[in-house]
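Trainee: I am attaching a structure below and will ask some questions about it afterwards.
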Amino acid sequence: MIARIQVPATAKRGEVISIRVAIQHPMETGFRFDVNGRAVPKNVINSLIVRYNDAEIFRAEMGSGVAANPSLQFFTLARDSGELVFQWVDDAGQRGEERVQLAVTGP
Amino acid sequence: MPNRRNFLAWCAGVWGMSAGLARAQADPLAALVRDLTGGARLSAGRVSIDTPRLADNGHSVPLKVSVDNPMTAANHVRSITLLSPRNPRPLIAKFVLGPHAGRAEVSTRVRLNGSQIVLAIAELSDGSFWSGSAEVEVTESACLDAG
Amino acid sequence: MIRRFLQAGVVALLLMQSVALAATSPRSGITYAGADVRALQADDFANPGMLWVARGEKLWSTPAGRNNKACASCHQEAASSMKGVAARYPRIDTATGKVINIEGRINTCRERNQAADPLQYESEELLALTAYVAHQSRGMPVAVVADAANRPHLERGREIYYRRQGQMNLACVNCHEQNAGRKLLAETISEGHGNAYPAYRLEWQATGSLHRRLRACYFGVRAVMPAFGSDELLDLELYLARRATGLTVETPGVRR
């Protein structure tokens with residue numbers, strides 16, 4: 001699964017930073033039929049968890065109402081330098097993971 | 001043999017049934033909201049949804065939900081839930097936040113099965129629930145695909 | 001139901017608006033799009049087509065075929081080697097004398113140089129690689145030049161463009177020149193340029209090729225859809241590229 005993550009490379013301590021995630025996924029609703037008339041089973045990324053230095057900072061529980069190739073933007077407080085870990089899983093059990101480094105400066 | 005009196009009673013029965021049906025249809029989210037709040041009071045306000053009044057396509061409608069909240073340890077948004085009264089699965093998504101979010105705002109793109117009023121419910125750290133809504137008219141490209 | 005409604009809409013539109021509008025300088029399809037679609041295309045992170053470009057970038061340096069060579073093994077950095085290439089396509093393949101587009105060039109390269117099976121038209125891999133290659137020309141002017149070799153194909157593409165067809169008996173020109181800028185239901189009819197393809201369409205919920213978009217038009221006028229990569233669609237693609245002179249490559253575009 002191709003995913004793109006946007007996090008500023010550096011931030012000041014205490015700054016609220018924007019985080020954007022985009023994942024290539026059809027987010028199959030389960031209500032569609034293929035060209036041969038067979039129902040396409042529901043398969044959506046049902047969970048995305050974001051951890052910042054091991055502490056969960058954001059979680060999305062999603063259903064078929066989230067658009068294909070899901071995109072999310074949310075915010076977090078820059079506390080310490082470290083790693084942001086993005087993990088997600090779809091109904092078929094396929095998992096994805098991305099890691100991004102964040103450098104926090106200032107007192 | 002039907003007479004006038006039992007015909008009227010039948011009409012009253014049908015009217016009663018259809019009124020009940022209309023009530024159920026008027027708020028298809030009632031059960032979901034009850035599950036979410038655990039029966040706690042849901043107040044209108046503090047939550048705003050930013051989405052185009054006229055969406056280009058129901059497959060992908062941009063939607064930003066924000067809550068008027070300081071996001072401190074003592075007072076923050078625990079979660080934001082997006083609900084659709086017209087989607088086959090009304091629960092669009094639930095976002096779990098916390099005081100570390102700094103800002104109670106999440107943006108995404110959603111599927112909307114036709115024009116409707118989308119609802120967002122925020123659960124605060126004090127256990128209160130707040131809601132906001134937005135009306136979206138869903139349009140479609142005139143040029144459909146071969147499928 | 002929707003289709004019948006559409007059909008009625010097209011007929012009504014043509015009855016009401018028989019006056020032809022002459023196109024002056026070409027206008028990209030993005031200028032007809034609403035604020036949301038324009039913002040999506042303009043923002044390289046939000047643009048969902050960039051997911052296909054990102055996948056193409058990975059495939060570019062992934063070895064394939066019996067020769068165990070990647071695109072990058074010969075062409076190195078796509079940012080320099082592929083810059084401007086899509087702006088000059090489709091071209092005439094010197095080996096076969098046939099029209100070849102980016103998809104065809106990628107597959108030819110796979111067969112001749114990588115000893116790999118060609119990728120299926122509209123497969124995720126071919127879309128990703130095509131989007132990645134075309135993206136390297138983004139912002140560059142479309143520069144397909146008419147010459148002796150491509151002239152017969154340009155002529156044939158032009159014929160297809162002006163040929164009435166399908167149950168609605170409509171040619172490309174009827175909508176995309178004579179009625180460009182006018183409304184078809186909730187749609188503003190564009191001039192029908194292909195300079196943003198492969199593009200992400202909200203209707204598709206995915207990135208698709210120009211041939212997919214053209215086939216959707218054939219479907220729209222209830223004509224028999226030519227196969228992906230067929231001579232008919234290649235000639236039409238060539239004519240459209242020539243016709244788009246004055247526009248720049250936008251890949252990956254976003255459309256409704």
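Residues are named by chain letter and number: chains run A, B, ... in the order of the structure tokens, numbers start at 1 in each chain, and ligands are numbered from 1 in the order shown.
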Which parts of region 60-144 of chain B does DSSP call strand (DSSP E or B) when run on the backbone here, written out as a PyMOL selection string?

Mentor: chain B and resi 61-67+77-83+91-96+105-110+116-124+129-138

Trainee: Distance limit 12 Å, atoms considered: only C-alpha atoms. Which chain C residues sit that close to chain B? Return them as a PDB file with N, CA and C atoms, in the first residue's frame.

Mentor:
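Output file out_6.pdb follows:
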```pdb
ATOM      1  N   ILE C   2     -31.028   7.352 -14.600  1.00  0.00           N
ATOM      2  CA  ILE C   2     -30.121   8.502 -14.754  1.00  0.00           C
ATOM      3  C   ILE C   2     -29.707   8.613 -16.213  1.00  0.00           C
ATOM      4  N   ARG C   3     -29.468   7.450 -16.808  1.00  0.00           N
ATOM      5  CA  ARG C   3     -28.990   7.458 -18.190  1.00  0.00           C
ATOM      6  C   ARG C   3     -30.036   8.013 -19.139  1.00  0.00           C
ATOM      7  N   ARG C   4     -31.290   7.629 -18.890  1.00  0.00           N
ATOM      8  CA  ARG C   4     -32.362   8.134 -19.758  1.00  0.00           C
ATOM      9  C   ARG C   4     -32.464   9.644 -19.604  1.00  0.00           C
ATOM     10  N   PHE C   5     -32.302  10.059 -18.360  1.00  0.00           N
ATOM     11  CA  PHE C   5     -32.370  11.485 -18.049  1.00  0.00           C
ATOM     12  C   PHE C   5     -31.253  12.237 -18.760  1.00  0.00           C
ATOM     13  N   LEU C   6     -30.065  11.625 -18.720  1.00  0.00           N
ATOM     14  CA  LEU C   6     -28.900  12.204 -19.386  1.00  0.00           C
ATOM     15  C   LEU C   6     -29.133  12.348 -20.876  1.00  0.00           C
ATOM     16  N   GLN C   7     -29.673  11.260 -21.433  1.00  0.00           N
ATOM     17  CA  GLN C   7     -29.920  11.211 -22.869  1.00  0.00           C
ATOM     18  C   GLN C   7     -30.850  12.362 -23.252  1.00  0.00           C
ATOM     19  N   ALA C   8     -31.919  12.524 -22.468  1.00  0.00           N
ATOM     20  CA  ALA C   8     -32.876  13.593 -22.717  1.00  0.00           C
ATOM     21  C   ALA C   8     -32.177  14.942 -22.588  1.00  0.00           C
ATOM     22  N   GLY C   9     -31.272  15.027 -21.612  1.00  0.00           N
ATOM     23  CA  GLY C   9     -30.546  16.270 -21.371  1.00  0.00           C
ATOM     24  C   GLY C   9     -29.693  16.662 -22.561  1.00  0.00           C
ATOM     25  N   VAL C  10     -29.002  15.691 -23.114  1.00  0.00           N
ATOM     26  CA  VAL C  10     -28.123  15.958 -24.258  1.00  0.00           C
ATOM     27  C   VAL C  10     -28.954  16.421 -25.453  1.00  0.00           C
ATOM     28  N   ALA C  33     -13.536  23.381 -13.744  1.00  0.00           N
ATOM     29  CA  ALA C  33     -13.857  22.630 -12.528  1.00  0.00           C
ATOM     30  C   ALA C  33     -14.240  23.574 -11.396  1.00  0.00           C
ATOM     31  N   GLY C  34     -14.911  23.015 -10.405  1.00  0.00           N
ATOM     32  CA  GLY C  34     -15.306  23.783  -9.234  1.00  0.00           C
ATOM     33  C   GLY C  34     -14.128  24.016  -8.301  1.00  0.00           C
ATOM     34  N   ALA C  35     -14.373  24.803  -7.248  1.00  0.00           N
ATOM     35  CA  ALA C  35     -13.295  25.214  -6.338  1.00  0.00           C
ATOM     36  C   ALA C  35     -12.611  24.019  -5.681  1.00  0.00           C
ATOM     37  N   ASP C  36     -13.397  23.012  -5.292  1.00  0.00           N
ATOM     38  CA  ASP C  36     -12.817  21.867  -4.586  1.00  0.00           C
ATOM     39  C   ASP C  36     -11.860  21.092  -5.485  1.00  0.00           C
ATOM     40  N   VAL C  37     -12.287  20.803  -6.713  1.00  0.00           N
ATOM     41  CA  VAL C  37     -11.443  20.038  -7.637  1.00  0.00           C
ATOM     42  C   VAL C  37     -10.190  20.842  -8.011  1.00  0.00           C
ATOM     43  N   ARG C  38     -10.351  22.144  -8.200  1.00  0.00           N
ATOM     44  CA  ARG C  38      -9.186  22.983  -8.524  1.00  0.00           C
ATOM     45  C   ARG C  38      -8.185  22.958  -7.371  1.00  0.00           C
ATOM     46  N   ALA C  39      -8.705  23.048  -6.131  1.00  0.00           N
ATOM     47  CA  ALA C  39      -7.818  23.026  -4.961  1.00  0.00           C
ATOM     48  C   ALA C  39      -7.121  21.670  -4.831  1.00  0.00           C
ATOM     49  N   LEU C  40      -7.839  20.600  -5.124  1.00  0.00           N
ATOM     50  CA  LEU C  40      -7.251  19.259  -5.039  1.00  0.00           C
ATOM     51  C   LEU C  40      -6.096  19.115  -6.020  1.00  0.00           C
ATOM     52  N   ALA C  46      -2.622  16.907  -1.326  1.00  0.00           N
ATOM     53  CA  ALA C  46      -4.040  16.519  -1.357  1.00  0.00           C
ATOM     54  C   ALA C  46      -4.407  15.803  -2.647  1.00  0.00           C
ATOM     55  N   PRO C  48      -5.008  13.250  -5.049  1.00  0.00           N
ATOM     56  CA  PRO C  48      -4.908  11.794  -4.880  1.00  0.00           C
ATOM     57  C   PRO C  48      -4.128  11.124  -6.013  1.00  0.00           C
ATOM     58  N   CYS C 175     -20.015  18.496 -28.560  1.00  0.00           N
ATOM     59  CA  CYS C 175     -19.983  18.908 -27.152  1.00  0.00           C
ATOM     60  C   CYS C 175     -18.799  19.825 -26.876  1.00  0.00           C
ATOM     61  N   LYS C 183     -23.728  24.240 -19.980  1.00  0.00           N
ATOM     62  CA  LYS C 183     -24.102  23.258 -18.962  1.00  0.00           C
ATOM     63  C   LYS C 183     -24.724  22.003 -19.560  1.00  0.00           C
ATOM     64  N   LEU C 184     -24.305  20.860 -19.025  1.00  0.00           N
ATOM     65  CA  LEU C 184     -24.968  19.593 -19.309  1.00  0.00           C
ATOM     66  C   LEU C 184     -25.347  19.049 -17.934  1.00  0.00           C
ATOM     67  N   LEU C 185     -26.611  19.146 -17.579  1.00  0.00           N
ATOM     68  CA  LEU C 185     -27.046  18.893 -16.208  1.00  0.00           C
ATOM     69  C   LEU C 185     -26.181  19.753 -15.273  1.00  0.00           C
ATOM     70  N   ALA C 186     -25.571  19.126 -14.280  1.00  0.00           N
ATOM     71  CA  ALA C 186     -24.779  19.903 -13.320  1.00  0.00           C
ATOM     72  C   ALA C 186     -23.328  20.042 -13.770  1.00  0.00           C
ATOM     73  N   GLU C 187     -23.065  19.726 -15.037  1.00  0.00           N
ATOM     74  CA  GLU C 187     -21.696  19.711 -15.536  1.00  0.00           C
ATOM     75  C   GLU C 187     -21.457  20.913 -16.439  1.00  0.00           C
ATOM     76  N   THR C 188     -20.266  21.482 -16.380  1.00  0.00           N
ATOM     77  CA  THR C 188     -19.872  22.445 -17.393  1.00  0.00           C
ATOM     78  C   THR C 188     -19.043  21.693 -18.412  1.00  0.00           C
ATOM     79  N   ILE C 189     -19.463  21.733 -19.656  1.00  0.00           N
ATOM     80  CA  ILE C 189     -18.752  20.969 -20.690  1.00  0.00           C
ATOM     81  C   ILE C 189     -17.392  21.612 -20.945  1.00  0.00           C
ATOM     82  N   SER C 190     -16.346  20.795 -20.886  1.00  0.00           N
ATOM     83  CA  SER C 190     -14.996  21.327 -21.110  1.00  0.00           C
ATOM     84  C   SER C 190     -14.662  21.222 -22.595  1.00  0.00           C
ATOM     85  N   GLY C 192     -12.442  19.332 -23.683  1.00  0.00           N
ATOM     86  CA  GLY C 192     -12.052  17.950 -23.958  1.00  0.00           C
ATOM     87  C   GLY C 192     -10.583  17.753 -24.272  1.00  0.00           C
ATOM     88  N   TYR C 200      -6.937  11.799 -11.908  1.00  0.00           N
ATOM     89  CA  TYR C 200      -7.792  11.231 -10.859  1.00  0.00           C
ATOM     90  C   TYR C 200      -9.182  11.804 -11.043  1.00  0.00           C
ATOM     91  N   ARG C 201     -10.152  10.931 -11.286  1.00  0.00           N
ATOM     92  CA  ARG C 201     -11.538  11.411 -11.395  1.00  0.00           C
ATOM     93  C   ARG C 201     -12.300  11.010 -10.141  1.00  0.00           C
ATOM     94  N   LEU C 202     -13.033  11.968  -9.567  1.00  0.00           N
ATOM     95  CA  LEU C 202     -13.853  11.658  -8.386  1.00  0.00           C
ATOM     96  C   LEU C 202     -14.857  10.567  -8.741  1.00  0.00           C
ATOM     97  N   GLU C 203     -15.394  10.640  -9.966  1.00  0.00           N
ATOM     98  CA  GLU C 203     -16.361   9.655 -10.437  1.00  0.00           C
ATOM     99  C   GLU C 203     -15.766   8.243 -10.425  1.00  0.00           C
ATOM    100  N   TRP C 204     -14.478   8.126 -10.755  1.00  0.00           N
ATOM    101  CA  TRP C 204     -13.805   6.813 -10.781  1.00  0.00           C
ATOM    102  C   TRP C 204     -13.314   6.399  -9.402  1.00  0.00           C
ATOM    103  N   GLN C 205     -13.105   7.361  -8.533  1.00  0.00           N
ATOM    104  CA  GLN C 205     -12.476   7.145  -7.219  1.00  0.00           C
ATOM    105  C   GLN C 205     -11.079   6.573  -7.395  1.00  0.00           C
ATOM    106  N   ALA C 206     -10.479   6.911  -8.531  1.00  0.00           N
ATOM    107  CA  ALA C 206      -9.161   6.356  -8.863  1.00  0.00           C
ATOM    108  C   ALA C 206      -8.540   7.180 -10.000  1.00  0.00           C
ATOM    109  N   GLY C 208      -7.097   7.231 -13.749  1.00  0.00           N
ATOM    110  CA  GLY C 208      -7.360   6.475 -14.974  1.00  0.00           C
ATOM    111  C   GLY C 208      -6.661   7.104 -16.157  1.00  0.00           C
ATOM    112  N   HIS C 211      -7.417   6.947 -22.323  1.00  0.00           N
ATOM    113  CA  HIS C 211      -8.272   6.018 -23.074  1.00  0.00           C
ATOM    114  C   HIS C 211      -9.518   5.643 -22.276  1.00  0.00           C
ATOM    115  N   ARG C 212      -9.380   5.529 -20.959  1.00  0.00           N
ATOM    116  CA  ARG C 212     -10.562   5.246 -20.138  1.00  0.00           C
ATOM    117  C   ARG C 212     -11.554   6.406 -20.241  1.00  0.00           C
ATOM    118  N   ARG C 213     -11.001   7.623 -20.216  1.00  0.00           N
ATOM    119  CA  ARG C 213     -11.870   8.808 -20.301  1.00  0.00           C
ATOM    120  C   ARG C 213     -12.540   8.884 -21.674  1.00  0.00           C
ATOM    121  N   LEU C 214     -11.779   8.559 -22.715  1.00  0.00           N
ATOM    122  CA  LEU C 214     -12.352   8.610 -24.063  1.00  0.00           C
ATOM    123  C   LEU C 214     -13.432   7.552 -24.219  1.00  0.00           C
ATOM    124  N   ARG C 215     -13.165   6.372 -23.667  1.00  0.00           N
ATOM    125  CA  ARG C 215     -14.171   5.305 -23.742  1.00  0.00           C
ATOM    126  C   ARG C 215     -15.452   5.724 -23.007  1.00  0.00           C
ATOM    127  N   ALA C 216     -15.289   6.472 -21.910  1.00  0.00           N
ATOM    128  CA  ALA C 216     -16.471   6.954 -21.186  1.00  0.00           C
ATOM    129  C   ALA C 216     -17.299   7.890 -22.081  1.00  0.00           C
ATOM    130  N   CYS C 217     -16.604   8.668 -22.931  1.00  0.00           N
ATOM    131  CA  CYS C 217     -17.304   9.553 -23.871  1.00  0.00           C
ATOM    132  C   CYS C 217     -18.050   8.732 -24.926  1.00  0.00           C
ATOM    133  N   TYR C 218     -17.395   7.695 -25.441  1.00  0.00           N
ATOM    134  CA  TYR C 218     -18.057   6.805 -26.412  1.00  0.00           C
ATOM    135  C   TYR C 218     -19.313   6.224 -25.776  1.00  0.00           C
ATOM    136  N   PHE C 219     -19.150   5.801 -24.515  1.00  0.00           N
ATOM    137  CA  PHE C 219     -20.288   5.248 -23.764  1.00  0.00           C
ATOM    138  C   PHE C 219     -21.390   6.299 -23.622  1.00  0.00           C
ATOM    139  N   GLY C 220     -20.960   7.531 -23.368  1.00  0.00           N
ATOM    140  CA  GLY C 220     -21.919   8.620 -23.162  1.00  0.00           C
ATOM    141  C   GLY C 220     -22.792   8.880 -24.373  1.00  0.00           C
ATOM    142  N   VAL C 221     -22.222   8.735 -25.570  1.00  0.00           N
ATOM    143  CA  VAL C 221     -23.020   8.961 -26.790  1.00  0.00           C
ATOM    144  C   VAL C 221     -23.576   7.638 -27.319  1.00  0.00           C
ATOM    145  N   ARG C 222     -23.423   6.574 -26.518  1.00  0.00           N
ATOM    146  CA  ARG C 222     -23.949   5.234 -26.867  1.00  0.00           C
ATOM    147  C   ARG C 222     -23.329   4.727 -28.169  1.00  0.00           C
ATOM    148  N   ALA C 223     -22.013   4.842 -28.244  1.00  0.00           N
ATOM    149  CA  ALA C 223     -21.292   4.297 -29.390  1.00  0.00           C
ATOM    150  C   ALA C 223     -20.522   3.068 -28.925  1.00  0.00           C
ATOM    151  N   VAL C 224     -20.084   2.256 -29.872  1.00  0.00           N
ATOM    152  CA  VAL C 224     -19.276   1.085 -29.529  1.00  0.00           C
ATOM    153  C   VAL C 224     -17.913   1.587 -29.034  1.00  0.00           C
ATOM    154  N   MET C 225     -17.491   1.109 -27.867  1.00  0.00           N
ATOM    155  CA  MET C 225     -16.240   1.590 -27.287  1.00  0.00           C
ATOM    156  C   MET C 225     -15.052   0.855 -27.896  1.00  0.00           C
ATOM    157  N   PRO C 226     -14.091   1.581 -28.485  1.00  0.00           N
ATOM    158  CA  PRO C 226     -12.879   0.912 -28.987  1.00  0.00           C
ATOM    159  C   PRO C 226     -12.070   0.374 -27.797  1.00  0.00           C
ATOM    160  N   ARG C 255     -10.165  15.586 -11.864  1.00  0.00           N
ATOM    161  CA  ARG C 255     -11.402  15.936 -12.550  1.00  0.00           C
ATOM    162  C   ARG C 255     -12.576  15.379 -11.778  1.00  0.00           C
ATOM    163  N   ARG C 256     -13.739  15.910 -12.105  1.00  0.00           N
ATOM    164  CA  ARG C 256     -14.935  15.501 -11.397  1.00  0.00           C
ATOM    165  C   ARG C 256     -15.323  14.075 -11.734  1.00  0.00           C
TER     166      ARG C 256
END
```

Trainee: Pick out the chain A residues within 12 Å of chain B. Count only C-alpha atoms. Give them as number ranges by chain.

Mentor: A: 14-23, 26-37, 42, 44-52, 55-79

Trainee: Could you name the residues that touch Glu123 (chain B) at 8 Å or less, counting only C-alpha atoms, but leaving out those on the same chain fewer than 2 positions away, as a list of chain:residue names?

Mentor: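 Here the answer would be B:Val77, B:Arg78, B:Ser79, B:Ile80, B:Ile121, B:Ser125, B:Gly127, B:Ser128, B:Phe129, B:Trp130.
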
Trainee: Output N, CA, C and O atoms of each residue in that selection to a file, as a tab-separated table (two decimals), in the first residue's frame.

Mentor:
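result33.tsv, written as the output of this step:
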```tsv
chain	number	residue	atom	x	y	z
B	77	VAL	N	-11.17	17.51	23.93
B	77	VAL	CA	-12.08	16.67	23.15
B	77	VAL	C	-11.52	15.25	23.16
B	77	VAL	O	-10.36	15.03	22.80
B	78	ARG	N	-12.36	14.31	23.56
B	78	ARG	CA	-11.91	12.91	23.56
B	78	ARG	C	-12.08	12.29	22.17
B	78	ARG	O	-11.22	11.56	21.70
B	79	SER	N	-13.23	12.58	21.57
B	79	SER	CA	-13.46	11.98	20.24
B	79	SER	C	-14.44	12.83	19.45
B	79	SER	O	-15.22	13.61	20.01
B	80	ILE	N	-14.37	12.64	18.13
B	80	ILE	CA	-15.32	13.29	17.21
B	80	ILE	C	-15.88	12.17	16.33
B	80	ILE	O	-15.12	11.39	15.75
B	121	ILE	N	-20.49	14.67	16.24
B	121	ILE	CA	-20.69	14.69	17.69
B	121	ILE	C	-19.32	14.64	18.37
B	121	ILE	O	-18.50	13.77	18.08
B	125	SER	N	-13.92	15.86	27.61
B	125	SER	CA	-13.32	15.17	28.75
B	125	SER	C	-14.20	15.23	30.00
B	125	SER	O	-14.06	14.42	30.91
B	127	GLY	N	-17.25	14.59	29.95
B	127	GLY	CA	-18.34	13.64	29.74
B	127	GLY	C	-19.54	14.23	29.00
B	127	GLY	O	-20.52	13.53	28.77
B	128	SER	N	-19.44	15.49	28.61
B	128	SER	CA	-20.55	16.09	27.87
B	128	SER	C	-20.41	15.83	26.37
B	128	SER	O	-19.32	15.54	25.88
B	129	PHE	N	-21.55	15.90	25.68
B	129	PHE	CA	-21.58	15.65	24.23
B	129	PHE	C	-22.14	16.86	23.51
B	129	PHE	O	-23.16	17.41	23.93
B	130	TRP	N	-21.48	17.25	22.45
B	130	TRP	CA	-21.88	18.43	21.68
B	130	TRP	C	-21.97	18.06	20.21
B	130	TRP	O	-21.24	17.20	19.73
```

Trainee: Have a look at C:Ala115, C:Glu124, C:Arg27, C:Gln178 and name the one nearest to chain A; count only C-alpha atoms.

Mentor: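 Between C:Ala115, C:Glu124, C:Arg27, C:Gln178, the residue approaching chain A most closely is C:Glu124.
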
Trainee: Nearest to chain A among C:Thr207, C:Thr31, C:Ala143, C:Arg110, with distances taken over only C-alpha atoms: which residue is it?

Mentor: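 Result for the nearest residue to chain A: C:Thr207.
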
Trainee: Report the residues of region 12-221 of chain C whose backbone DSSP state falls under alpha helix (DSSP H), written as a PyMOL selection string.

Mentor: chain C and resi 12-16+35-42+49-60+71-75+78-81+102-109+124-135+151-162+172-176+210-220

Trainee: Which of these, C:Leu51, C:Tyr239, C:Val144, C:Gln41, has the shortest distance to chain A once you count only C-alpha atoms?

Mentor: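 Result for the nearest residue to chain A: C:Leu51.
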
Trainee: Have a look at CA of Ser25 (chain C) and CA of Arg151 (chain C) and let me know their distance in Å, one decimal.

Mentor: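 Separation between CA of Ser25 (chain C) and CA of Arg151 (chain C): 22.5 Å.
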
Trainee: Please indicate the distance in Å from CA of Thr245 (chain C) to CA of Val142 (chain C), rounded to one decimal place.

Mentor: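 According to the coordinates, CA of Thr245 (chain C) and CA of Val142 (chain C) are separated by 5.4 Å.
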
Trainee: In Å, how far is it from CA of Val85 (chain A) to CA of Gln24 (chain A)?

Mentor: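 For CA of Val85 (chain A) relative to CA of Gln24 (chain A), the distance reads 17.7 Å.
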
Trainee: Restricting the calculation to only C-alpha atoms, which member of A:Arg13, A:Val104, A:Asn43, A:Ile5 is positioned closest to Asp91 (chain A)?

Mentor: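 The closest residue to Asp91 (chain A) is A:Asn43.
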